[in-house]
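Colleague: Got a structure for you, questions after.
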Amino acid sequence: MVKAHARIVGNSSKRASNGSITNFTLLKQFDISIHPSSNARTLEVIWSPPLMGRIKCNVDGASTGSSSNVACGGIFRDHHATHIMSFSSYLHGETPESGELIAVIQALELAKGKNFDKLWIETDCSFVVHACNNHAMVP
């Protein structure tokens, strides 16, 4: 009875679902139609290789929207786009912005350990770019 009522109410809703796999699974168990978010869009991104003899590290952070589930990572490649190494970290209790910044710090530490002296770090987080330009922002 509860499942049937949940299916009727859920299928009559016009509200969009989020990208949570947990919510997706739950909606499927109740046989509720999923309404994808209408603001989803595709953005083409073209990777630019570093100059010969240099290493590029693309870093990013991800979160579920709460500060308790944050992760970061990065991938190092040479001018041929050959994978050199990559890393990822789960950061409990961090904010999404600090996750992005921690990714850059970890990339710098790994690069120093591997003696990469010509490094290009790329991020999509404006907070990190501002923090790198204004050291007073970072304690």
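We name chains A, B, ... following the order of the structure tokens; residues begin at 1 in each chain, and ligands are numbered from 1 as shown.
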Show which residues sit within 12 Å of Lys28 in chain A, as a list in words. Count only C-alpha atoms, and ignore same-chain residues fewer than 4 positions away.
Modeller: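 Counting only C-alpha atoms, the residues come to Lys3, Ala6, Arg7, Gly10, Asn11, Ser17, Ile21, Thr22, Asn23, Phe24, Ile32, Ser33, Ile34 and His35 of chain A.
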Colleague: Print the selection's residues with all heavy atoms to a file, as a CSV table (one decimal), in the first residue's frame.
Modeller:
```csv
chain,number,residue,atom,x,y,z
A,3,LYS,N,4.0,1.5,-0.9
A,3,LYS,CA,4.7,1.6,-2.2
A,3,LYS,C,3.9,2.1,-3.3
A,3,LYS,O,4.3,2.9,-4.1
A,3,LYS,CB,5.3,0.2,-2.6
A,3,LYS,CG,6.2,0.2,-3.7
A,3,LYS,CD,6.8,-1.2,-4.0
A,3,LYS,CE,7.8,-1.1,-5.1
A,3,LYS,NZ,8.4,-2.4,-5.4
A,6,ALA,N,3.4,5.8,-2.7
A,6,ALA,CA,4.6,6.6,-3.1
A,6,ALA,C,4.8,6.7,-4.6
A,6,ALA,O,5.2,7.7,-5.1
A,6,ALA,CB,5.8,5.9,-2.4
A,7,ARG,N,4.4,5.6,-5.3
A,7,ARG,CA,4.5,5.6,-6.8
A,7,ARG,C,3.6,6.7,-7.4
A,7,ARG,O,3.9,7.4,-8.2
A,7,ARG,CB,4.2,4.2,-7.3
A,7,ARG,CG,4.4,4.2,-8.8
A,7,ARG,CD,4.3,2.8,-9.4
A,7,ARG,NE,3.2,2.0,-8.9
A,7,ARG,CZ,3.4,0.9,-8.1
A,7,ARG,NH1,4.6,0.4,-7.8
A,7,ARG,NH2,2.4,0.2,-7.7
A,10,GLY,N,4.9,10.2,-6.3
A,10,GLY,CA,6.2,10.4,-7.0
A,10,GLY,C,6.0,10.7,-8.5
A,10,GLY,O,6.6,11.6,-9.1
A,11,ASN,N,5.1,9.9,-9.2
A,11,ASN,CA,4.9,10.1,-10.6
A,11,ASN,C,4.1,11.3,-11.0
A,11,ASN,O,4.1,11.7,-12.1
A,11,ASN,CB,4.3,8.8,-11.2
A,11,ASN,CG,5.3,7.7,-11.3
A,11,ASN,OD1,6.5,8.0,-11.6
A,11,ASN,ND2,4.9,6.5,-11.1
A,17,SER,N,14.8,15.5,-10.5
A,17,SER,CA,15.7,14.7,-9.6
A,17,SER,C,17.1,15.3,-9.6
A,17,SER,O,17.5,15.9,-10.6
A,17,SER,CB,15.6,13.3,-10.0
A,17,SER,OG,16.1,13.1,-11.3
A,21,ILE,N,23.1,8.9,-6.8
A,21,ILE,CA,22.8,7.5,-7.2
A,21,ILE,C,21.9,6.8,-6.1
A,21,ILE,O,21.1,6.0,-6.5
A,21,ILE,CB,24.1,6.7,-7.3
A,21,ILE,CG1,23.9,5.3,-8.0
A,21,ILE,CG2,24.9,6.5,-6.0
A,21,ILE,CD1,23.4,5.4,-9.4
A,22,THR,N,22.0,7.3,-4.9
A,22,THR,CA,21.1,6.8,-3.8
A,22,THR,C,19.7,7.1,-4.1
A,22,THR,O,18.8,6.2,-4.0
A,22,THR,CB,21.5,7.3,-2.5
A,22,THR,OG1,22.9,7.0,-2.2
A,22,THR,CG2,20.7,6.8,-1.3
A,23,ASN,N,19.4,8.4,-4.5
A,23,ASN,CA,18.1,8.8,-4.8
A,23,ASN,C,17.6,8.1,-6.1
A,23,ASN,O,16.4,7.7,-6.2
A,23,ASN,CB,18.0,10.3,-5.0
A,23,ASN,CG,18.2,11.0,-3.8
A,23,ASN,OD1,18.1,10.5,-2.7
A,23,ASN,ND2,18.3,12.3,-3.9
A,24,PHE,N,18.4,7.9,-7.1
A,24,PHE,CA,18.1,7.2,-8.3
A,24,PHE,C,17.6,5.7,-8.0
A,24,PHE,O,16.6,5.3,-8.4
A,24,PHE,CB,19.3,7.1,-9.2
A,24,PHE,CG,19.1,6.3,-10.5
A,24,PHE,CD1,18.4,6.8,-11.6
A,24,PHE,CD2,19.6,5.0,-10.6
A,24,PHE,CE1,18.2,6.1,-12.7
A,24,PHE,CE2,19.4,4.3,-11.7
A,24,PHE,CZ,18.7,4.8,-12.8
A,32,ILE,N,9.2,5.0,-9.7
A,32,ILE,CA,8.9,6.4,-9.9
A,32,ILE,C,9.7,6.9,-11.1
A,32,ILE,O,10.9,6.7,-11.2
A,32,ILE,CB,9.2,7.2,-8.7
A,32,ILE,CG1,8.3,6.7,-7.5
A,32,ILE,CG2,9.0,8.7,-8.9
A,32,ILE,CD1,8.6,7.3,-6.2
A,33,SER,N,9.0,7.6,-12.0
A,33,SER,CA,9.7,8.1,-13.2
A,33,SER,C,10.7,9.2,-12.8
A,33,SER,O,10.4,10.0,-11.9
A,33,SER,CB,8.7,8.7,-14.2
A,33,SER,OG,7.9,7.7,-14.6
A,34,ILE,N,11.8,9.2,-13.4
A,34,ILE,CA,12.9,10.2,-13.0
A,34,ILE,C,12.8,11.4,-14.0
A,34,ILE,O,12.8,11.2,-15.2
A,34,ILE,CB,14.3,9.6,-13.1
A,34,ILE,CG1,14.3,8.5,-12.0
A,34,ILE,CG2,15.3,10.6,-12.8
A,34,ILE,CD1,15.5,7.6,-12.0
A,35,HIS,N,12.7,12.6,-13.4
A,35,HIS,CA,12.7,13.8,-14.2
A,35,HIS,C,14.1,14.5,-14.1
A,35,HIS,O,14.4,15.0,-13.1
A,35,HIS,CB,11.6,14.8,-13.7
A,35,HIS,CG,10.3,14.2,-13.6
A,35,HIS,ND1,9.5,13.9,-14.7
A,35,HIS,CD2,9.5,13.9,-12.5
A,35,HIS,CE1,8.4,13.4,-14.3
A,35,HIS,NE2,8.4,13.3,-13.0
```
Colleague: Could you give me, as JSON, numbers by chain, each residue of range 12-127 of chain A that DSSP assigns to strand (DSSP E or B) when run on this structure's backbone?
Modeller: {"A": [55, 56, 57, 58, 59, 60, 61, 62, 63, 70, 71, 72, 73, 74, 75, 76, 77, 83, 84, 85, 86, 87, 88, 89, 90, 91, 119, 120, 121, 122]}
Colleague: Mind checking which residues fall within 12 Å of range 91-103 of chain A, counting only C-alpha atoms, ignoring those fewer than 6 positions away in the same chain, and posting them as a ChimeraX atom specification?
Modeller: /A:57-75,109-110,121-132,137-139
Colleague: Give the answer as one residue: which of A:Ile55, A:Ala4, A:Val45, A:Ala16 has the shortest atom-to-atom distance to His83 in chain A, using only C-alpha atoms?
Modeller: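 Nearest to His83 in chain A: A:Ile55.
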Colleague: In range 2-136 of chain A, what's alpha helix (DSSP H) per DSSP? Answer as a count of residues only?
Modeller: 46
Colleague: Looking at A:Lys118, A:Ala107, A:Asn134, A:Ile8, which one is nearest to Leu51 in chain A, with distances taken over only C-alpha atoms?
Modeller: A:Lys118
Colleague: Considering only C-alpha atoms, state which residue in the set A:His79, A:Thr25, A:Pro50, A:Met85 is at the smallest distance from Lys114 in chain A.
Modeller: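 So, comparing all the options, the nearest one is A:Met85.
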Colleague: Let me make sure I understand: among A:Trp47, A:Met1, A:Leu108, A:Tyr90, which one has the smallest atom-to-atom distance to Arg77 in chain A if we use only C-alpha atoms?
Modeller: A:Trp47
Colleague: Please, what distance in Å, to one decimal, runs between CA of Leu43 in chain A and CA of Ser89 in chain A?
Modeller: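 About the pair CA of Leu43 in chain A and CA of Ser89 in chain A: they are 25.8 Å apart.
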Colleague: Just the number, please: distance in Å from CA of Ile105 in chain A to CA of Thr82 in chain A, one decimal.
Modeller: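 CA of Ile105 in chain A sits 22.2 Å away from CA of Thr82 in chain A.
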